[in-house]
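K.L.:
Sharing input-v3.pdb, PDB, C-alpha atoms and all ligand atoms:
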```pdb
ATOM      1  CA  MET A 191     -22.075  -1.887   3.238  1.00  0.00           C
ATOM      2  CA  SER A 192     -23.227  -1.652  -0.358  1.00  0.00           C
ATOM      3  CA  SER A 193     -21.217   0.507  -2.692  1.00  0.00           C
ATOM      4  CA  PRO A 194     -22.343   4.168  -2.877  1.00  0.00           C
ATOM      5  CA  PRO A 195     -23.524   5.622  -6.222  1.00  0.00           C
ATOM      6  CA  GLN A 196     -20.871   6.342  -8.822  1.00  0.00           C
ATOM      7  CA  ILE A 197     -20.424   9.958  -9.908  1.00  0.00           C
ATOM      8  CA  ASP A 198     -20.996  10.805 -13.575  1.00  0.00           C
ATOM      9  CA  ILE A 199     -17.878  10.581 -15.729  1.00  0.00           C
ATOM     10  CA  PRO A 200     -17.524  12.887 -18.751  1.00  0.00           C
ATOM     11  CA  PHE A 201     -16.723  10.966 -21.936  1.00  0.00           C
ATOM     12  CA  ASP A 202     -13.255  12.491 -22.282  1.00  0.00           C
ATOM     13  CA  ARG A 203     -12.384  11.662 -18.676  1.00  0.00           C
ATOM     14  CA  ARG A 204     -13.088   7.941 -18.796  1.00  0.00           C
ATOM     15  CA  TYR A 205     -10.504   5.891 -16.891  1.00  0.00           C
ATOM     16  CA  GLN A 206      -8.948   9.008 -15.365  1.00  0.00           C
ATOM     17  CA  CYS A 207      -8.303   9.358 -11.668  1.00  0.00           C
ATOM     18  CA  TRP A 208     -10.550  12.138 -10.319  1.00  0.00           C
ATOM     19  CA  PHE A 209      -7.748  13.296  -8.029  1.00  0.00           C
ATOM     20  CA  CYS A 210      -4.683  13.277 -10.274  1.00  0.00           C
ATOM     21  CA  GLY A 211      -5.699  12.412 -13.853  1.00  0.00           C
ATOM     22  CA  GLU A 212      -3.568   9.250 -14.046  1.00  0.00           C
ATOM     23  CA  PRO A 213      -5.094   6.305 -15.914  1.00  0.00           C
ATOM     24  CA  CYS A 214      -7.076   4.149 -13.505  1.00  0.00           C
ATOM     25  CA  ARG A 215      -9.440   1.223 -13.186  1.00  0.00           C
ATOM     26  CA  LYS A 216     -10.322   1.507  -9.515  1.00  0.00           C
ATOM     27  CA  ASN A 217     -13.034   3.304  -7.599  1.00  0.00           C
ATOM     28  CA  LEU A 218     -12.802   5.081  -4.298  1.00  0.00           C
ATOM     29  CA  ALA A 219     -15.904   4.527  -2.168  1.00  0.00           C
ATOM     30  CA  TYR A 220     -16.333   7.663  -0.081  1.00  0.00           C
ATOM     31  CA  TYR A 221     -18.699   7.222   2.855  1.00  0.00           C
ATOM     32  CA  ALA A 222     -20.140  10.480   4.166  1.00  0.00           C
ATOM     33  CA  GLU A 223     -19.969  10.715   7.969  1.00  0.00           C
ATOM     34  CA  GLY A 224     -21.368  13.087  10.543  1.00  0.00           C
ATOM     35  CA  ASN A 225     -22.286  16.433   9.012  1.00  0.00           C
ATOM     36  CA  ALA A 226     -20.799  15.790   5.585  1.00  0.00           C
ATOM     37  CA  PRO A 227     -22.239  18.303   3.077  1.00  0.00           C
ATOM     38  CA  HIS A 228     -22.864  15.624   0.443  1.00  0.00           C
ATOM     39  CA  PRO A 229     -24.013  11.994   0.256  1.00  0.00           C
ATOM     40  CA  SER A 230     -21.720   8.975   0.050  1.00  0.00           C
ATOM     41  CA  LEU A 231     -20.337   8.497  -3.444  1.00  0.00           C
ATOM     42  CA  ALA A 232     -17.873   6.501  -5.504  1.00  0.00           C
ATOM     43  CA  LEU A 233     -15.413   8.024  -7.936  1.00  0.00           C
ATOM     44  CA  PRO A 234     -12.658   6.694 -10.195  1.00  0.00           C
ATOM     45  CA  ALA A 235      -9.191   6.877  -8.682  1.00  0.00           C
ATOM     46  CA  CYS A 236      -5.745   5.400  -9.246  1.00  0.00           C
ATOM     47  CA  ASP A 237      -4.226   2.921  -6.785  1.00  0.00           C
ATOM     48  CA  GLU A 238      -2.032   5.542  -5.174  1.00  0.00           C
ATOM     49  CA  CYS A 239      -4.802   8.116  -4.698  1.00  0.00           C
ATOM     50  CA  VAL A 240      -7.227   5.480  -3.340  1.00  0.00           C
ATOM     51  CA  LYS A 241      -4.689   4.629  -0.632  1.00  0.00           C
ATOM     52  CA  LEU A 242      -4.018   8.278   0.182  1.00  0.00           C
ATOM     53  CA  ALA A 243      -7.724   9.178   0.226  1.00  0.00           C
ATOM     54  CA  GLU A 244      -8.629   6.275   2.508  1.00  0.00           C
ATOM     55  CA  LYS A 245      -6.085   7.555   5.026  1.00  0.00           C
ATOM     56  CA  GLN A 246      -7.613  11.055   5.126  1.00  0.00           C
ATOM     57  CA  PRO A 247     -11.332  11.066   4.280  1.00  0.00           C
ATOM     58  CA  LEU A 248     -11.878  14.130   6.518  1.00  0.00           C
ATOM     59  CA  THR A 249     -15.234  15.875   6.373  1.00  0.00           C
ATOM     60  CA  SER A 250     -15.978  16.017   2.634  1.00  0.00           C
ATOM     61  CA  ILE A 251     -14.636  14.786  -0.700  1.00  0.00           C
ATOM     62  CA  TRP A 252     -13.195  18.292  -1.254  1.00  0.00           C
ATOM     63  CA  GLU A 253     -11.273  18.137   2.013  1.00  0.00           C
ATOM     64  CA  CYS A 254     -10.157  14.652   1.115  1.00  0.00           C
ATOM     65  CA  ARG A 255      -8.858  15.961  -2.213  1.00  0.00           C
ATOM     66  CA  VAL A 256      -6.794  18.644  -0.463  1.00  0.00           C
ATOM     67  CA  ALA A 257      -5.223  15.923   1.691  1.00  0.00           C
ATOM     68  CA  VAL A 258      -4.498  13.706  -1.342  1.00  0.00           C
ATOM     69  CA  LYS A 259      -2.817  16.573  -3.217  1.00  0.00           C
ATOM     70  CA  ASP A 260      -0.854  17.438  -0.125  1.00  0.00           C
ATOM     71  CA  ALA A 261       0.366  13.867   0.200  1.00  0.00           C
ATOM     72  CA  LEU A 262       1.273  13.731  -3.521  1.00  0.00           C
ATOM     73  CA  MET A 263       3.302  16.919  -3.079  1.00  0.00           C
ATOM     74  CA  ARG A 264       5.160  15.352  -0.173  1.00  0.00           C
ATOM     75  CA  ILE A 265       5.778  12.034  -1.934  1.00  0.00           C
ATOM     76  CA  TYR A 266       6.972  13.695  -5.150  1.00  0.00           C
ATOM     77  CA  ALA A 267       8.784  16.637  -3.550  1.00  0.00           C
ATOM     78  CA  LYS A 268      12.030  15.611  -5.240  1.00  0.00           C
ATOM     79  CA  HIS A 269      10.429  15.392  -8.668  1.00  0.00           C
ATOM     80  CA  LEU A 270       8.704  18.732  -8.196  1.00  0.00           C
ATOM     81  CA  ALA A 271      11.996  20.283  -7.087  1.00  0.00           C
ATOM     82  CA  ILE A 272      13.444  19.564 -10.533  1.00  0.00           C
ATOM     83  CA  GLY A 273      11.161  22.256 -11.937  1.00  0.00           C
ATOM     84  CA  ILE A 274      12.269  24.707  -9.266  1.00  0.00           C
ATOM     85  CA  ASN A 275      15.956  24.027  -9.834  1.00  0.00           C
ATOM     86  CA  TRP A 276      15.937  23.888 -13.611  1.00  0.00           C
ATOM     87  CA  THR A 277      14.153  25.275 -16.611  1.00  0.00           C
ATOM     88  CA  GLU A 278      13.645  22.985 -19.589  1.00  0.00           C
ATOM     89  CA  GLU A 279      16.056  25.038 -21.705  1.00  0.00           C
ATOM     90  CA  GLU A 280      18.700  25.071 -19.022  1.00  0.00           C
ATOM     91  CA  LEU A 281      18.478  21.337 -18.729  1.00  0.00           C
ATOM     92  CA  ALA A 282      18.690  20.849 -22.498  1.00  0.00           C
ATOM     93  CA  GLU A 283      21.615  23.196 -22.797  1.00  0.00           C
ATOM     94  CA  SER A 284      23.507  21.931 -19.788  1.00  0.00           C
ATOM     95  CA  GLU A 285      26.829  20.507 -20.745  1.00  0.00           C
ATOM     96  CA  PHE A 286      26.489  17.270 -18.864  1.00  0.00           C
ATOM     97  CA  SER A 287      27.953  14.649 -21.096  1.00  0.00           C
ATOM     98  CA  CYS A 288      28.546  11.551 -19.044  1.00  0.00           C
ATOM     99  CA  LYS A 289      25.936   8.824 -19.249  1.00  0.00           C
ATOM    100  CA  VAL A 290      24.437   9.441 -15.833  1.00  0.00           C
ATOM    101  CA  PHE A 291      23.629  13.028 -16.585  1.00  0.00           C
ATOM    102  CA  ALA A 292      22.392  12.295 -20.083  1.00  0.00           C
ATOM    103  CA  GLY A 293      19.839   9.955 -18.505  1.00  0.00           C
ATOM    104  CA  PHE A 294      18.929  12.550 -15.939  1.00  0.00           C
ATOM    105  CA  LYS A 295      18.374  15.179 -18.609  1.00  0.00           C
ATOM    106  CA  LYS A 296      16.032  12.940 -20.545  1.00  0.00           C
ATOM    107  CA  SER A 297      13.955  11.611 -17.654  1.00  0.00           C
ATOM    108  CA  ALA A 298      14.117  14.416 -15.100  1.00  0.00           C
ATOM    109  CA  TRP A 299      11.943  16.867 -16.950  1.00  0.00           C
ATOM    110  CA  MET A 300       9.380  14.187 -17.620  1.00  0.00           C
ATOM    111  CA  MET A 301       9.253  13.167 -13.959  1.00  0.00           C
ATOM    112  CA  TYR A 302       8.775  16.783 -13.026  1.00  0.00           C
ATOM    113  CA  GLN A 303       5.970  17.252 -15.557  1.00  0.00           C
ATOM    114  CA  ILE A 304       4.138  14.128 -14.450  1.00  0.00           C
ATOM    115  CA  ALA A 305       4.294  15.126 -10.772  1.00  0.00           C
ATOM    116  CA  ARG A 306       3.288  18.703 -11.560  1.00  0.00           C
ATOM    117  CA  ASP A 307       0.331  17.658 -13.697  1.00  0.00           C
ATOM    118  CA  ARG A 308      -0.919  15.230 -11.069  1.00  0.00           C
ATOM    119  CA  VAL A 309      -0.810  17.872  -8.348  1.00  0.00           C
ATOM    120  CA  ASN A 310      -2.483  20.465 -10.600  1.00  0.00           C
ATOM    121  CA  TYR A 311      -5.125  18.180 -12.093  1.00  0.00           C
ATOM    122  CA  PRO A 312      -8.479  19.823 -11.358  1.00  0.00           C
ATOM    123  CA  GLY A 313     -10.778  16.790 -11.597  1.00  0.00           C
ATOM    124  CA  TRP A 314     -14.280  17.618 -12.790  1.00  0.00           C
ATOM    125  CA  PRO A 315     -17.479  18.893 -11.147  1.00  0.00           C
ATOM    126  CA  ILE A 316     -19.355  16.128  -9.382  1.00  0.00           C
ATOM    127  CA  HIS A 317     -22.760  15.083 -10.716  1.00  0.00           C
ATOM    128  CA  ILE A 318     -24.698  12.023  -9.610  1.00  0.00           C
ATOM    129  CA  ASP A 319     -27.301  10.853 -12.147  1.00  0.00           C
ATOM    130  CA  GLY A 320     -27.095  14.217 -13.856  1.00  0.00           C
ATOM    131  CA  VAL A 321     -27.666  16.209 -10.678  1.00  0.00           C
ATOM    132  CA  GLU A 322     -24.839  18.481  -9.653  1.00  0.00           C
ATOM    133  CA  LEU A 323     -23.778  18.384  -5.996  1.00  0.00           C
ATOM    134  CA  ASP A 324     -24.771  21.767  -4.653  1.00  0.00           C
ATOM    135  CA  CYS A 325     -21.786  22.078  -2.310  1.00  0.00           C
ATOM    136  CA  GLN A 326     -19.477  22.047  -5.336  1.00  0.00           C
ATOM    137  CA  HIS A 327     -18.165  25.536  -5.051  1.00  0.00           C
ATOM    138  CA  ASN A 328     -17.683  25.492  -1.319  1.00  0.00           C
ATOM    139  CA  SER A 329     -14.205  26.599  -0.630  1.00  0.00           C
ATOM    140  CA  THR A 330     -12.260  24.229   1.594  1.00  0.00           C
ATOM    141  CA  SER A 331     -10.841  27.150   3.553  1.00  0.00           C
ATOM    142  CA  PHE A 332     -11.432  26.853   7.250  1.00  0.00           C
ATOM    143  CA  GLU A 333     -11.400  29.293  10.125  1.00  0.00           C
ATOM    144  CA  PHE A 334     -10.697  28.377  13.697  1.00  0.00           C
ATOM    145  CA  ASP A 335      -9.820  30.584  16.636  1.00  0.00           C
ATOM    146  CA  GLY A 336      -9.525  33.609  14.370  1.00  0.00           C
ATOM    147  CA  VAL A 337      -7.029  31.969  12.041  1.00  0.00           C
ATOM    148  CA  ASN A 338      -7.739  31.083   8.417  1.00  0.00           C
ATOM    149  CA  TYR A 339      -6.413  27.766   7.151  1.00  0.00           C
ATOM    150  CA  THR A 340      -6.414  26.580   3.549  1.00  0.00           C
ATOM    151  CA  SER A 341      -8.340  23.512   4.740  1.00  0.00           C
ATOM    152  CA  VAL A 342      -9.400  21.511   7.773  1.00  0.00           C
ATOM    153  CA  HIS A 343      -6.542  19.223   6.849  1.00  0.00           C
ATOM    154  CA  ALA A 344      -4.068  22.100   7.250  1.00  0.00           C
ATOM    155  CA  ALA A 345      -5.587  23.033  10.619  1.00  0.00           C
ATOM    156  CA  ILE A 346      -5.356  19.427  11.839  1.00  0.00           C
ATOM    157  CA  HIS A 347      -1.735  19.349  10.751  1.00  0.00           C
ATOM    158  CA  TYR A 348      -1.000  22.638  12.506  1.00  0.00           C
ATOM    159  CA  TYR A 349      -2.566  21.654  15.826  1.00  0.00           C
ATOM    160  CA  SER A 350      -1.080  18.169  15.710  1.00  0.00           C
ATOM    161  CA  GLN A 351       2.387  19.702  15.449  1.00  0.00           C
ATOM    162  CA  GLN A 352       1.662  22.381  18.009  1.00  0.00           C
ATOM    163  CA  PHE A 353       0.378  20.008  20.697  1.00  0.00           C
ATOM    164  CA  THR A 354       2.173  16.856  19.467  1.00  0.00           C
ATOM    165  CA  LEU A 355      -1.198  15.153  19.012  1.00  0.00           C
ATOM    166  CA  ASP A 356      -1.904  11.826  17.353  1.00  0.00           C
ATOM    167  CA  SER A 357      -2.927  13.387  14.038  1.00  0.00           C
ATOM    168  CA  GLU A 358      -4.667  10.257  12.776  1.00  0.00           C
ATOM    169  CA  PHE A 359      -6.858  10.051  15.890  1.00  0.00           C
ATOM    170  CA  PHE A 360      -7.542  13.787  15.742  1.00  0.00           C
ATOM    171  CA  ALA A 361      -8.511  13.610  12.046  1.00  0.00           C
ATOM    172  CA  LYS A 362     -10.908  10.722  12.784  1.00  0.00           C
ATOM    173  CA  LEU A 363     -12.558  12.762  15.540  1.00  0.00           C
ATOM    174  CA  VAL A 364     -12.983  15.772  13.249  1.00  0.00           C
ATOM    175  CA  ARG A 365     -14.470  13.492  10.609  1.00  0.00           C
ATOM    176  CA  LEU A 366     -17.031  12.164  13.085  1.00  0.00           C
ATOM    177  CA  VAL A 367     -18.113  15.453  14.670  1.00  0.00           C
ATOM    178  CA  GLY A 368     -17.734  17.626  11.564  1.00  0.00           C
ATOM    179  CA  ARG A 369     -15.718  20.781  10.974  1.00  0.00           C
ATOM    180  CA  GLN A 370     -18.261  22.860  12.913  1.00  0.00           C
ATOM    181  CA  ARG A 371     -17.142  21.131  16.104  1.00  0.00           C
ATOM    182  CA  PHE A 372     -13.421  21.263  15.436  1.00  0.00           C
ATOM    183  CA  GLY A 373     -12.808  22.737  18.918  1.00  0.00           C
ATOM    184  CA  PHE A 374     -14.554  19.790  20.559  1.00  0.00           C
ATOM    185  CA  ALA A 375     -12.469  17.319  18.554  1.00  0.00           C
ATOM    186  CA  LEU A 376      -9.329  19.240  19.498  1.00  0.00           C
ATOM    187  CA  ARG A 377     -10.188  19.070  23.207  1.00  0.00           C
ATOM    188  CA  LEU A 378     -10.787  15.335  23.001  1.00  0.00           C
ATOM    189  CA  ALA A 379      -7.536  14.791  21.114  1.00  0.00           C
ATOM    190  CA  ARG A 380      -5.652  16.787  23.756  1.00  0.00           C
ATOM    191  CA  ILE A 381      -7.275  14.920  26.646  1.00  0.00           C
ATOM    192  CA  HIS A 382      -6.267  11.622  25.071  1.00  0.00           C
ATOM    193  CA  ILE A 383      -2.766  12.694  24.169  1.00  0.00           C
ATOM    194  CA  ALA A 384      -1.234   9.802  26.115  1.00  0.00           C
ATOM    195  CA  SER A 385      -4.089   7.293  25.863  1.00  0.00           C
ATOM    196  CA  ALA A 386      -3.496   3.797  24.596  1.00  0.00           C
ATOM    197  CA  LYS A 387      -4.789   2.676  21.194  1.00  0.00           C
ATOM    198  CA  GLU A 388      -7.601   0.664  22.768  1.00  0.00           C
ATOM    199  CA  MET A 389      -8.819   3.718  24.699  1.00  0.00           C
ATOM    200  CA  LYS A 390      -8.783   5.818  21.533  1.00  0.00           C
ATOM    201  CA  ARG A 391     -10.778   3.171  19.704  1.00  0.00           C
ATOM    202  CA  GLN A 392     -13.335   3.295  22.516  1.00  0.00           C
ATOM    203  CA  VAL A 393     -13.531   7.102  22.395  1.00  0.00           C
ATOM    204  CA  LEU A 394     -14.100   7.001  18.628  1.00  0.00           C
ATOM    205  CA  ALA A 395     -16.873   4.422  19.059  1.00  0.00           C
ATOM    206  CA  GLU A 396     -18.557   6.544  21.750  1.00  0.00           C
ATOM    207  CA  VAL A 397     -18.347   9.722  19.688  1.00  0.00           C
ATOM    208  CA  GLN A 398     -19.739   7.884  16.694  1.00  0.00           C
ATOM    209  CA  ALA A 399     -22.668   6.580  18.775  1.00  0.00           C
ATOM    210  CA  ASP A 400     -23.274  10.106  20.110  1.00  0.00           C
ATOM    211  CA  VAL A 401     -23.299  11.652  16.655  1.00  0.00           C
ATOM    212  CA  LYS A 402     -25.814   9.107  15.395  1.00  0.00           C
ATOM    213  CA  ASP A 403     -28.282   9.905  18.228  1.00  0.00           C
TER
HETATM  214 ZN    ZN B   1      -4.617   9.447  -8.745  1.00  0.00          ZN
END
```
Kindly transcribe the structure held in the file into structure tokens.
Ligand SMILES: [Zn+2]
P.N.:
Amino acid sequence: MSSPPQIDIPFDRRYQCWFCGEPCRKNLAYYAEGNAPHPSLALPACDECVKLAEKQPLTSIWECRVAVKDALMRIYAKHLAIGINWTEEELAESEFSCKVFAGFKKSAWMMYQIARDRVNYPGWPIHIDGVELDCQHNSTSFEFDGVNYTSVHAAIHYYSQQFTLDSEFFAKLVRLVGRQRFGFALRLARIHIASAKEMKRQVLAEVQADVKD
């Protein structure tokens, strides 16, 4: 597969990860599947975000971003908790004097700020060769069975917990059939709740063939 077209990068964002803003040299190649609302594309991303994004491509780059941010929040939960437990002033004024706490005071706030900024980093609007993607302002919110979820990713997580599904398999199905057919993907995931890996691979191949027809 040849590499998809690179998105435009504003001058002041060069070498920044589109997901989290960290310095980066890599590209994430995002291949649009099924009913994706935009073409395949490549965008700059740091090592960590590339790995996270490849695990959860979901149905669009926006959905993928929600999943990456979610994963960053989970990975850095302890760093983010520093900001919940302390204010900068409190930390500075705390009377910890032993070496361990002095080190904590110096580095803790910085770790919190880095994690916070990565989670909050907004990226930039996606243009390819100067043309803005028209699905840009689509919200990632998702409704299924009368319930509103912040994203397809959140709905997959919810149903995976609820029915103890293989969330990876379920997410792959949703990616193939698109968010419009979430219910169909859910039924398939429930039918194959106890299926072996090989069987699941076969199901995914069949669904993929079906979608292409
Ligand atoms: Zn990143």
K.L.:
Could you give me, as number ranges by chain, every polymer residue with an atom at most 12 Å away from an atom of ligand ZN 1 (chain B), counting all atoms listed in the file?
P.N.:
A: 205-218, 233-243, 255, 258-259, 261-262, 304-305, 307-313
K.L.:
Can you find the residues with an atom no farther than 8 Å from (-16.2, 6.9, 10.6), counting only C-alpha atoms, and report them as a ChimeraX atom specification?
P.N.:
/A:223,362,365-366,398
K.L.:
Can you list, as a PyMOL selection string, every protein, DNA or RNA residue that comes within 12 Å of Lys268 (chain A) when you count all atoms listed in the file, leaving out same-chain residues fewer than 6 positions away?
P.N.:
chain A and resi 262+274-275+298-299+301-302+305-306
K.L.:
Might you pull out every residue within 9 Å of Phe334 (chain A), with all atoms listed in the file counted and same-chain residues fewer than 2 positions away left off, and present them as a PDB file with C-alpha atoms, keeping the file's coordinate frame?
P.N.:
```pdb
ATOM      1  CA  PHE A 332     -11.432  26.853   7.250  1.00  0.00           C
ATOM      2  CA  GLY A 336      -9.525  33.609  14.370  1.00  0.00           C
ATOM      3  CA  VAL A 337      -7.029  31.969  12.041  1.00  0.00           C
ATOM      4  CA  ASN A 338      -7.739  31.083   8.417  1.00  0.00           C
ATOM      5  CA  TYR A 339      -6.413  27.766   7.151  1.00  0.00           C
ATOM      6  CA  ALA A 345      -5.587  23.033  10.619  1.00  0.00           C
ATOM      7  CA  PHE A 372     -13.421  21.263  15.436  1.00  0.00           C
ATOM      8  CA  GLY A 373     -12.808  22.737  18.918  1.00  0.00           C
TER       9      GLY A 373
END
```
K.L.:
Kindly indicate which residue among A:Leu363, A:Ala271, A:Leu376, A:Ile381 lies nearest to Asp335 (chain A), using all atoms listed in the file for the distances.
P.N.:
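Of all the options, A:Leu376 lies closest to Asp335 (chain A).
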K.L.:
Have a look at CA of Ser192 (chain A) and CA of Ser357 (chain A) and let me know their distance in Å, one decimal.
P.N.:
29.1 Å
K.L.:
Report, in Å to a single decimal, how far apart CA of Glu278 (chain A) and CA of Phe294 (chain A) are.
P.N.:
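Rounded to one decimal, the two atoms are 12.3 Å apart.
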K.L.:
Have a look at CA of Arg203 (chain A) and CA of Ala232 (chain A) and let me know their distance in Å, one decimal.
P.N.:
15.2 Å
K.L.:
Which residues, named as in the file, does the PyMOL selection byres (((chain A and resi 378) around 12) and not hetatm) pick out? Answer as a list in words.
P.N.:
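On the file shown, the PyMOL selection byres (((chain A and resi 378) around 12) and not hetatm) covers Leu355, Asp356, Phe359, Phe360, Ala361, Lys362, Leu363, Val364, Val367, Arg371, Phe372, Gly373, Phe374, Ala375, Leu376, Arg377, Ala379, Arg380, Ile381, His382, Ile383, Ala384, Ser385, Met389, Lys390, Val393, Leu394, Glu396 and Val397 of chain A.
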K.L.:
Just say which residues the PyMOL selection byres (((chain A and resi 331) around 12) and not hetatm) picks in this file, as a list in words.
P.N.:
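Taken on the displayed file, the PyMOL selection byres (((chain A and resi 331) around 12) and not hetatm) yields the residues Trp252, Glu253, Val256, His327, Asn328, Ser329, Thr330, Phe332, Glu333, Phe334, Val337, Asn338, Tyr339, Thr340, Ser341, Val342, His343, Ala344, Ala345 and Arg369 of chain A.
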K.L.:
Which residue is closest to Ala222 (chain A)? Choose from A:Gly368, A:Trp276, A:Lys387, A:Trp314 and count only C-alpha atoms.
P.N.:
A:Gly368
K.L.:
Would you translate the PyMOL selection byres (((chain A and resi 195) around 8) and not hetatm) into the concrete set of residues it matches in this file, as a PyMOL selection string?
P.N.:
chain A and resi 193-194+196-197+230-232+318
